[in-house]
Structures are given as structure tokens and as C-alpha cells.
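Data block for structure_31.cif (mmCIF, C-alpha atoms and all ligand atoms):
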data_entry
loop_
_atom_site.label_atom_id
_atom_site.label_comp_id
_atom_site.auth_asym_id
_atom_site.auth_seq_id
_atom_site.Cartn_x
_atom_site.Cartn_y
_atom_site.Cartn_z
CA MET U 220 0.00 0.00 0.00
CA ASN U 221 1.38 3.43 -0.95
CA LYS U 222 2.62 5.67 1.85
CA GLN U 223 0.36 8.73 2.18
CA SER U 224 2.25 11.90 1.26
CA ILE U 225 2.61 14.79 3.68
CA PHE U 226 2.14 18.38 2.48
CA LEU U 227 3.43 21.37 4.48
CA VAL U 228 1.61 24.70 4.18
CA GLY U 229 2.10 28.00 5.99
CA PRO U 230 3.47 31.53 5.62
CA MET U 231 6.94 32.57 4.48
CA GLY U 232 9.39 31.75 7.26
CA ALA U 233 7.19 29.15 8.95
CA GLY U 234 9.85 26.49 8.23
CA LYS U 235 8.21 24.44 5.44
CA SER U 236 11.42 24.00 3.41
CA THR U 237 13.71 23.42 6.41
CA VAL U 238 11.40 21.25 8.52
CA GLY U 239 10.18 19.40 5.42
CA ARG U 240 13.62 18.26 4.36
CA ILE U 241 14.50 16.92 7.82
CA LEU U 242 11.06 15.34 8.32
CA ALA U 243 11.41 13.49 4.99
CA GLU U 244 14.82 12.20 6.06
CA LYS U 245 13.48 10.97 9.40
CA LEU U 246 10.53 9.25 7.73
CA GLY U 247 12.53 7.79 4.86
CA TYR U 248 10.31 9.75 2.41
CA ASP U 249 11.39 11.70 -0.66
CA PHE U 250 11.46 15.46 -0.16
CA MET U 251 10.21 18.00 -2.69
CA ASP U 252 9.87 21.76 -2.51
CA SER U 253 7.50 23.35 -5.02
CA ASP U 254 9.69 26.47 -5.28
CA HIS U 255 12.77 24.39 -6.01
CA GLU U 256 10.83 22.34 -8.58
CA ILE U 257 9.67 25.51 -10.33
CA GLU U 258 13.25 26.78 -10.45
CA ALA U 259 14.48 23.41 -11.78
CA ARG U 260 11.84 23.36 -14.52
CA THR U 261 12.42 26.97 -15.61
CA GLY U 262 16.15 27.21 -15.02
CA VAL U 263 15.75 30.57 -13.28
CA THR U 264 15.11 31.76 -9.72
CA ILE U 265 11.75 32.73 -8.22
CA PRO U 266 12.65 36.45 -8.25
CA VAL U 267 13.45 36.25 -11.98
CA ILE U 268 10.08 34.57 -12.66
CA PHE U 269 8.33 37.34 -10.74
CA ASP U 270 10.31 39.95 -12.72
CA ILE U 271 9.54 38.46 -16.14
CA GLU U 272 6.11 36.88 -15.70
CA GLY U 273 4.75 38.68 -12.64
CA GLU U 274 3.09 36.95 -9.70
CA ALA U 275 0.36 35.64 -12.02
CA GLY U 276 2.94 33.81 -14.11
CA PHE U 277 4.53 32.35 -11.00
CA ARG U 278 1.14 31.20 -9.64
CA ALA U 279 0.34 29.41 -12.91
CA ARG U 280 3.64 27.53 -12.71
CA GLU U 281 3.07 26.80 -9.02
CA THR U 282 -0.36 25.27 -9.74
CA THR U 283 1.05 22.99 -12.46
CA VAL U 284 3.88 21.84 -10.20
CA ILE U 285 1.60 21.21 -7.22
CA ASP U 286 -0.83 19.22 -9.38
CA ASP U 287 2.07 17.08 -10.62
CA ILE U 288 3.81 16.56 -7.27
CA THR U 289 0.71 15.85 -5.17
CA GLN U 290 -0.03 12.79 -7.35
CA GLN U 291 3.14 11.12 -6.02
CA PRO U 292 2.88 8.94 -2.89
CA GLY U 293 5.50 8.65 -0.19
CA LEU U 294 6.84 12.17 -0.16
CA VAL U 295 7.05 15.26 1.99
CA LEU U 296 6.21 18.37 -0.03
CA ALA U 297 7.11 21.87 1.14
CA THR U 298 4.76 24.23 -0.67
CA GLY U 299 5.31 27.97 -1.11
CA GLY U 300 3.48 30.28 1.26
CA GLY U 301 0.97 31.39 -1.40
CA ALA U 302 0.04 27.94 -2.69
CA VAL U 303 -3.25 28.01 -0.75
CA LEU U 304 -4.44 31.04 -2.73
CA SER U 305 -5.58 28.74 -5.53
CA ALA U 306 -8.75 26.72 -4.88
CA GLU U 307 -7.39 24.05 -7.24
CA ASN U 308 -4.23 23.74 -5.16
CA ARG U 309 -6.27 23.56 -1.95
CA ARG U 310 -8.43 20.83 -3.47
CA HIS U 311 -5.43 18.77 -4.55
CA LEU U 312 -3.59 19.21 -1.26
CA ALA U 313 -6.63 18.24 0.81
CA ALA U 314 -7.57 15.26 -1.37
CA ARG U 315 -4.17 13.77 -2.04
CA GLY U 316 -2.27 13.77 1.25
CA PHE U 317 -2.04 14.74 4.90
CA VAL U 318 -1.73 18.52 5.24
CA VAL U 319 0.32 20.05 8.06
CA TYR U 320 -0.03 23.80 8.66
CA LEU U 321 3.15 25.25 10.18
CA ARG U 322 1.77 28.24 12.06
CA SER U 323 3.86 30.99 13.58
CA THR U 324 3.62 34.45 15.07
CA LEU U 325 4.35 37.69 13.23
CA PRO U 326 7.55 38.45 15.20
CA ALA U 327 8.96 34.99 14.52
CA LEU U 328 8.16 35.21 10.80
CA ILE U 329 9.70 38.67 10.56
CA GLN U 330 12.83 37.47 12.32
CA ARG U 331 13.18 34.41 10.09
CA THR U 332 12.69 36.17 6.78
CA LYS U 333 14.58 39.41 7.28
CA ASN U 334 17.51 40.06 4.92
CA ASP U 335 16.32 37.23 2.65
CA ARG U 336 16.39 38.43 -0.96
CA ASN U 337 14.69 35.33 -2.39
CA ARG U 338 11.14 36.35 -1.49
CA PRO U 339 10.01 38.97 -4.04
CA LEU U 340 6.89 39.88 -2.06
CA LEU U 341 9.05 40.99 0.87
CA GLN U 342 11.40 43.25 -1.14
CA THR U 343 9.56 46.36 0.00
CA GLU U 344 10.10 49.25 2.41
CA ASN U 345 7.99 47.51 5.00
CA PRO U 346 8.13 43.69 4.79
CA GLU U 347 6.62 43.43 8.28
CA THR U 348 3.39 44.98 7.00
CA VAL U 349 3.31 42.59 4.04
CA ILE U 350 3.80 39.56 6.29
CA GLU U 351 1.03 40.78 8.61
CA ARG U 352 -1.39 41.36 5.70
CA LEU U 353 -0.65 37.95 4.17
CA LEU U 354 -1.20 36.27 7.53
CA THR U 355 -4.62 37.94 7.80
CA GLU U 356 -5.60 37.06 4.23
CA ARG U 357 -4.25 33.51 4.15
CA GLY U 358 -4.63 32.30 7.75
CA PRO U 359 -8.17 30.99 7.15
CA LEU U 360 -7.00 29.25 3.96
CA TYR U 361 -4.21 27.41 5.79
CA GLU U 362 -6.61 26.40 8.56
CA GLY U 363 -9.25 25.25 6.08
CA VAL U 364 -6.93 22.82 4.34
CA ALA U 365 -4.99 21.58 7.39
CA ASP U 366 -5.30 18.12 8.94
CA LEU U 367 -2.82 19.15 11.64
CA ILE U 368 -1.73 22.58 12.89
CA VAL U 369 1.71 22.97 14.51
CA ASP U 370 2.82 26.17 16.21
CA THR U 371 6.51 26.74 15.48
CA GLN U 372 7.35 30.05 17.15
CA GLN U 373 8.68 28.60 20.40
CA ALA U 374 10.24 25.40 19.12
CA SER U 375 13.49 24.60 17.35
CA VAL U 376 13.39 23.04 13.89
CA PHE U 377 14.15 19.65 15.43
CA ARG U 378 11.42 19.98 18.06
CA VAL U 379 8.93 20.82 15.32
CA VAL U 380 10.03 17.77 13.31
CA ARG U 381 9.73 15.49 16.32
CA HIS U 382 6.28 16.88 17.18
CA ILE U 383 5.03 16.32 13.62
CA GLN U 384 6.44 12.77 13.64
CA ASP U 385 4.66 11.99 16.91
CA GLN U 386 1.38 13.38 15.61
CA LEU U 387 1.67 11.47 12.32
CA VAL U 388 2.11 8.22 14.26
CA ARG U 389 -0.82 9.09 16.54
CA GLU U 390 -3.01 9.79 13.47
CA GLY U 391 -1.91 6.55 11.81
CA VAL U 392 -0.44 8.41 8.84
CA VAL U 393 2.96 6.78 9.37
CA SER U 394 3.74 3.58 11.21
N1 LIG V 1 11.15 26.45 14.28
C1 LIG V 1 12.15 27.26 13.84
N2 LIG V 1 12.96 27.87 14.73
C2 LIG V 1 13.94 28.70 14.32
N3 LIG V 1 14.23 28.98 13.02
C3 LIG V 1 13.45 28.38 12.09
C4 LIG V 1 12.37 27.50 12.43
N4 LIG V 1 11.80 27.08 11.28
C5 LIG V 1 12.48 27.66 10.27
N5 LIG V 1 13.48 28.45 10.75
C6 LIG V 1 14.42 29.24 9.95
O1 LIG V 1 13.66 30.25 9.31
C7 LIG V 1 14.15 30.48 7.98
C8 LIG V 1 13.02 30.24 7.00
O2 LIG V 1 12.74 28.84 6.97
P1 LIG V 1 12.16 28.17 5.65
O3 LIG V 1 12.24 26.68 5.85
O4 LIG V 1 12.82 28.75 4.44
O5 LIG V 1 10.64 28.64 5.69
P2 LIG V 1 9.50 28.56 4.55
O6 LIG V 1 9.95 27.51 3.54
O7 LIG V 1 8.27 28.16 5.31
O8 LIG V 1 9.42 29.94 3.98
C9 LIG V 1 15.34 29.53 7.78
O9 LIG V 1 16.54 30.26 8.07
C10 LIG V 1 15.11 28.46 8.84
O10 LIG V 1 16.33 27.88 9.29
O1 LIG V 2 4.03 33.51 0.33
C1 LIG V 2 4.21 33.60 -0.93
O2 LIG V 2 3.38 34.09 -1.72
C2 LIG V 2 5.50 33.06 -1.48
C3 LIG V 2 6.26 32.23 -0.69
C4 LIG V 2 7.57 31.67 -1.17
O3 LIG V 2 7.83 30.39 -0.60
P1 LIG V 2 8.20 30.20 0.98
O4 LIG V 2 6.90 30.23 1.75
O5 LIG V 2 8.91 28.86 1.07
O6 LIG V 2 9.10 31.35 1.34
C5 LIG V 2 7.59 31.56 -2.69
O7 LIG V 2 6.66 30.57 -3.13
C6 LIG V 2 7.23 32.90 -3.31
O8 LIG V 2 8.22 33.85 -2.94
C7 LIG V 2 5.85 33.36 -2.90
MG MG V 3 10.16 27.46 1.53
#

Take the structure in the file and give it back as C-alpha cells.
Amino acid sequence: MNKQSIFLVGPMGAGKSTVGRILAEKLGYDFMDSDHEIEARTGVTIPVIFDIEGEAGFRARETTVIDDITQQPGLVLATGGGAVLSAENRRHLAARGFVVYLRSTLPALIQRTKNDRNRPLLQTENPETVIERLLTERGPLYEGVADLIVDTQQASVFRVVRHIQDQLVREGVVS
């Protein structure tokens, strides 16, 4: 029987890419990151895609990649923070795997994303305001698609991984 895949959702800086990679290792699952897959398929970085095709172009690529990846069993997928904006993505995530929402507080997210040039949406005068707005707009979308919510602001990456592992065993998602 195929191992059910695990999909991580949450805002920029929640830890999806970092926690996801370690969680996959611990579980013996493959790890995929939708941002990395988009960059591999296009041969350019996320900021370049935003520059050339705008956010709309990026979102179209993101939806294609998420549709492709979520059909694979036995993997941990780190999505990008805006993946839940698309109803199609939400449908695929909810139907095709176990969704973990990495939740965090505004101060923690600000701290973890500052000075990072790879997030086009935060390259503004006031990234804190952007993060706060996105949290307000997207929080309900993360919650609506989540099978499990994990608060990450007070825990190390490894504590978060261990907590997710314990919950996955408790829910019978992994043995
Ligand atoms: N629980 C945590 N505690 C401390 N730092 C964290 C935690 N989770 C992630 N980080 C750090 O925050 C930054 C953003 O993490 P990342 O995995 O890129 O987030 P996302 O993919 O959700 O945007 C990285 O430097 C990462 O090491
Ligand atoms: O929140 C968003 O809209 C985005 C989050 C990013 O991924 P991370 O959440 O891994 O930073 C990346 O997909 C892109 O910059 C857009
Ligand atoms: Mg990421």
C-alpha cells in the first residue's frame, strides 16, 4: 500500500522547506519543494520569474507543479506560502495527502525572513506589513486545508520535526 504523502503549508518563514527536508529524512520519504521544482523546470530563480512573468505567471507555474507533485505517494512536499491562494491547489492538497499547517507568530516570521532576498513579495520598504497582511488574508486558507496545525514560534526546527512525527504516528499516517 502506498505511503500517504505529507504536504506542508504556511506563511513565508514558517519552516516548510527546512522542517520538510529533515522530516522526509526521518521518515525515509522523498522530499520536494515546489519552489525548487519551479526553479528546476524553468532554469531561473523565483525572483526572476516574478520579474519576467509577474506573480500571475509564478502562480500558474506553481499550480502545475503542485498538481504534478501531489499525485506522487511517499513524499514530503514543502509548498510555497501562497500555494493556498488557488482553490485548485487547496483541493489537490486536501484530497491527495495529509496537510500540516506550520503556524507561527508575526515576530517569529519577521525574524526568520529578514535580509532574505529570495522572497520577491518581501522586497519592499515595509516587509513586516506585508507579512502581517498575508497572515490575515491567508490564515483561514491554511486552517481550512490543514489536517494538523503545529505552532513553530517557540520550538526549534528539530522539536517541530519530532512533534510532527509523533502526531503522524498518533493519526496513523505513518507507522
Ligand atoms: N522552528 C524554527 N525555529 C527557528 N528557526 C526556524 C524555524 N523554522 C524555520 N526556521 C528558519 O527560518 C528560515 C526560513 O525557513 P524556511 O524553511 O525557508 O521557511 P519557509 O519555507 O516556510 O518559507 C530559515 O533560516 C530556517 O532555518
Ligand atoms: O508567500 C508567498 O506568496 C510566497 C512564498 C515563497 O515560498 P516560501 O513560503 O517557502 O518562502 C515563494 O513561493 C514565493 O516567494 C511566494
Ligand atoms: Mg520554503

Handout entry: Residue contacts of Pro266 in chain U (8 Å, only C-alpha atoms) excluding same-chain residues fewer than 5 positions away, as a PyMOL selection string
Key = chain U and resi 337-339

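Nearest to ligand LIG 1 (chain V) of all the residues U:Gly273, U:Gly391, U:Gly299, U:Gly293 is U:Gly299, based on only C-alpha atoms and all ligand atoms.
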
Exercise for the section: Could you give me the residues within 6 Å of ligand LIG 2 (chain V), counting all atoms listed in the file, as a list in words? Expected result: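 Answer in the requested format: Pro230, Met231, Gly232, Ser236, Asp254, Gly299, Gly300, Gly301, Arg338 and Pro339 of chain U.
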
Problem - Counting all atoms listed in the file, the option among U:Thr355, U:Ser305, U:Ser253, U:Thr332 closest to Ile285 in chain U - result: U:Ser253

Practice task
Give me, please, the distance in Å between CA of Leu312 in chain U and CA of Thr289 in chain U, quoted to one decimal.
Solution key: 6.7 Å

Practice task
Give me, please, the distance in Å between atom N1 of ligand LIG 1 (chain V) and CA of Ala374 in chain U, quoted to one decimal.
Solution key: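 So the two atoms, atom N1 of ligand LIG 1 (chain V) and CA of Ala374 in chain U, lie 5.0 Å apart.
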
Exercise for the section: Give the answer as one residue: which of U:Gln342, U:Gln291, U:Ser323, U:Gln386 has the shortest atom-to-atom distance to ligand LIG 1 (chain V), using all atoms listed in the file? Expected result: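 Residue with the minimum atom-to-atom distance to ligand LIG 1 (chain V): U:Ser323.
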
Problem - Surrounding residues of Val318 in chain U excluding itself and chain neighbours under 6 positions, 10 Å, only C-alpha atoms, as a list in words - result: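 Counting only the stated atoms, we get Ser224, Ile225, Phe226, Leu227, Val228, Val295, Leu296, Arg309, Leu312, Tyr361, Glu362, Val364, Ala365, Asp366, Leu367 and Ile368 of chain U.
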
Return as a tab-separated table (two decimals) with C-alpha atoms, keeping the file's coordinate frame the residues of protein, DNA or RNA that approach ligand LIG 1 (chain V) to within 8 Å, with all atoms listed in the file taken into account.
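Output file part-v6.tsv follows:
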chain	number	residue	atom	x	y	z
U	228	VAL	CA	1.61	24.70	4.18
U	229	GLY	CA	2.10	28.00	5.99
U	230	PRO	CA	3.47	31.53	5.62
U	231	MET	CA	6.94	32.57	4.48
U	232	GLY	CA	9.39	31.75	7.26
U	233	ALA	CA	7.19	29.15	8.95
U	234	GLY	CA	9.85	26.49	8.23
U	235	LYS	CA	8.21	24.44	5.44
U	236	SER	CA	11.42	24.00	3.41
U	237	THR	CA	13.71	23.42	6.41
U	238	VAL	CA	11.40	21.25	8.52
U	239	GLY	CA	10.18	19.40	5.42
U	297	ALA	CA	7.11	21.87	1.14
U	298	THR	CA	4.76	24.23	-0.67
U	299	GLY	CA	5.31	27.97	-1.11
U	300	GLY	CA	3.48	30.28	1.26
U	321	LEU	CA	3.15	25.25	10.18
U	328	LEU	CA	8.16	35.21	10.80
U	330	GLN	CA	12.83	37.47	12.32
U	331	ARG	CA	13.18	34.41	10.09
U	332	THR	CA	12.69	36.17	6.78
U	371	THR	CA	6.51	26.74	15.48
U	372	GLN	CA	7.35	30.05	17.15
U	373	GLN	CA	8.68	28.60	20.40
U	374	ALA	CA	10.24	25.40	19.12
U	375	SER	CA	13.49	24.60	17.35
U	376	VAL	CA	13.39	23.04	13.89
U	377	PHE	CA	14.15	19.65	15.43
U	378	ARG	CA	11.42	19.98	18.06
U	379	VAL	CA	8.93	20.82	15.32

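Using only C-alpha atoms and all ligand atoms for every distance, the candidate list U:Ile265, U:Leu304, U:Ala314, U:Ala279 yields U:Ile265 as the residue closest to ligand MG 3 (chain V).
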
Problem - Among listed residues U:Ile288, U:Arg240, U:Val267, U:Thr324, nearest ligand MG 3 (chain V) (using only C-alpha atoms and all ligand atoms) - result: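 Nearest to ligand MG 3 (chain V): U:Arg240.
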
Exercise for the section: Provide the CA of Ile257 in chain U to CA of Thr283 in chain U distance in Å, to one decimal place. Expected result: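 CA of Thr283 in chain U lies at a distance of 9.2 Å from CA of Ile257 in chain U.
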
Problem - Among listed residues U:Leu353, U:Met251, U:Arg322, U:Thr348, nearest ligand MG 3 (chain V) (using only C-alpha atoms and all ligand atoms) - result: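 Using only C-alpha atoms and all ligand atoms, the shortest distance to ligand MG 3 (chain V) belongs to U:Met251.
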
Could you complete range 356-392 of chain U so that it carries N, CA and C atoms, and give it back as a CSV table (one decimal), keeping the file's coordinate frame?
chain,number,residue,atom,x,y,z
U,356,GLU,N,-4.9,37.5,5.4
U,356,GLU,CA,-5.6,37.1,4.2
U,356,GLU,C,-5.6,35.5,4.1
U,357,ARG,N,-4.4,34.9,4.5
U,357,ARG,CA,-4.2,33.5,4.2
U,357,ARG,C,-4.5,32.6,5.4
U,358,GLY,N,-4.5,33.1,6.6
U,358,GLY,CA,-4.6,32.3,7.8
U,358,GLY,C,-5.8,31.4,7.6
U,359,PRO,N,-7.0,31.9,7.3
U,359,PRO,CA,-8.2,31.0,7.2
U,359,PRO,C,-8.0,29.9,6.1
U,360,LEU,N,-7.2,30.2,5.0
U,360,LEU,CA,-7.0,29.2,4.0
U,360,LEU,C,-6.1,28.1,4.4
U,361,TYR,N,-5.1,28.5,5.2
U,361,TYR,CA,-4.2,27.4,5.8
U,361,TYR,C,-5.0,26.5,6.7
U,362,GLU,N,-5.8,27.2,7.6
U,362,GLU,CA,-6.6,26.4,8.6
U,362,GLU,C,-7.6,25.5,7.9
U,363,GLY,N,-8.2,26.0,6.8
U,363,GLY,CA,-9.2,25.2,6.1
U,363,GLY,C,-8.7,24.0,5.4
U,364,VAL,N,-7.5,24.0,5.1
U,364,VAL,CA,-6.9,22.8,4.3
U,364,VAL,C,-6.1,21.9,5.2
U,365,ALA,N,-5.9,22.3,6.5
U,365,ALA,CA,-5.0,21.6,7.4
U,365,ALA,C,-5.7,20.4,8.1
U,366,ASP,N,-4.9,19.3,8.1
U,366,ASP,CA,-5.3,18.1,8.9
U,366,ASP,C,-4.7,18.2,10.3
U,367,LEU,N,-3.5,19.0,10.4
U,367,LEU,CA,-2.8,19.2,11.6
U,367,LEU,C,-2.2,20.6,11.6
U,368,ILE,N,-2.3,21.2,12.8
U,368,ILE,CA,-1.7,22.6,12.9
U,368,ILE,C,-0.6,22.5,13.9
U,369,VAL,N,0.6,23.0,13.6
U,369,VAL,CA,1.7,23.0,14.5
U,369,VAL,C,2.2,24.4,14.7
U,370,ASP,N,2.3,24.8,15.9
U,370,ASP,CA,2.8,26.2,16.2
U,370,ASP,C,4.3,26.1,16.3
U,371,THR,N,5.1,26.9,15.6
U,371,THR,CA,6.5,26.7,15.5
U,371,THR,C,7.3,27.9,16.1
U,372,GLN,N,6.6,28.9,16.7
U,372,GLN,CA,7.4,30.0,17.2
U,372,GLN,C,8.2,29.8,18.3
U,373,GLN,N,7.9,28.8,19.2
U,373,GLN,CA,8.7,28.6,20.4
U,373,GLN,C,9.6,27.4,20.3
U,374,ALA,N,9.5,26.7,19.2
U,374,ALA,CA,10.2,25.4,19.1
U,374,ALA,C,11.4,25.5,18.1
U,375,SER,N,12.4,24.7,18.3
U,375,SER,CA,13.5,24.6,17.4
U,375,SER,C,13.0,23.8,16.2
U,376,VAL,N,13.7,23.8,15.1
U,376,VAL,CA,13.4,23.0,13.9
U,376,VAL,C,13.2,21.6,14.3
U,377,PHE,N,14.2,21.1,15.1
U,377,PHE,CA,14.2,19.6,15.4
U,377,PHE,C,13.0,19.3,16.3
U,378,ARG,N,12.6,20.2,17.2
U,378,ARG,CA,11.4,20.0,18.1
U,378,ARG,C,10.2,19.9,17.2
U,379,VAL,N,10.1,20.8,16.2
U,379,VAL,CA,8.9,20.8,15.3
U,379,VAL,C,8.9,19.5,14.6
U,380,VAL,N,10.0,19.0,14.1
U,380,VAL,CA,10.0,17.8,13.3
U,380,VAL,C,9.5,16.6,14.2
U,381,ARG,N,10.1,16.6,15.4
U,381,ARG,CA,9.7,15.5,16.3
U,381,ARG,C,8.2,15.5,16.7
U,382,HIS,N,7.7,16.7,16.9
U,382,HIS,CA,6.3,16.9,17.2
U,382,HIS,C,5.4,16.4,16.0
U,383,ILE,N,5.8,16.8,14.8
U,383,ILE,CA,5.0,16.3,13.6
U,383,ILE,C,5.1,14.8,13.5
U,384,GLN,N,6.3,14.2,13.7
U,384,GLN,CA,6.4,12.8,13.6
U,384,GLN,C,5.5,12.1,14.6
U,385,ASP,N,5.5,12.6,15.9
U,385,ASP,CA,4.7,12.0,16.9
U,385,ASP,C,3.2,12.1,16.5
U,386,GLN,N,2.8,13.2,16.0
U,386,GLN,CA,1.4,13.4,15.6
U,386,GLN,C,1.0,12.5,14.4
U,387,LEU,N,1.9,12.3,13.5
U,387,LEU,CA,1.7,11.5,12.3
U,387,LEU,C,1.5,10.0,12.8
U,388,VAL,N,2.3,9.6,13.7
U,388,VAL,CA,2.1,8.2,14.3
U,388,VAL,C,0.8,8.1,15.0
U,389,ARG,N,0.4,9.1,15.8
U,389,ARG,CA,-0.8,9.1,16.5
U,389,ARG,C,-2.0,9.1,15.6
U,390,GLU,N,-1.9,9.8,14.4
U,390,GLU,CA,-3.0,9.8,13.5
U,390,GLU,C,-3.0,8.6,12.5
U,391,GLY,N,-2.0,7.7,12.7
U,391,GLY,CA,-1.9,6.6,11.8
U,391,GLY,C,-1.5,6.9,10.4
U,392,VAL,N,-0.9,8.0,10.2
U,392,VAL,CA,-0.4,8.4,8.8
U,392,VAL,C,0.9,7.7,8.5
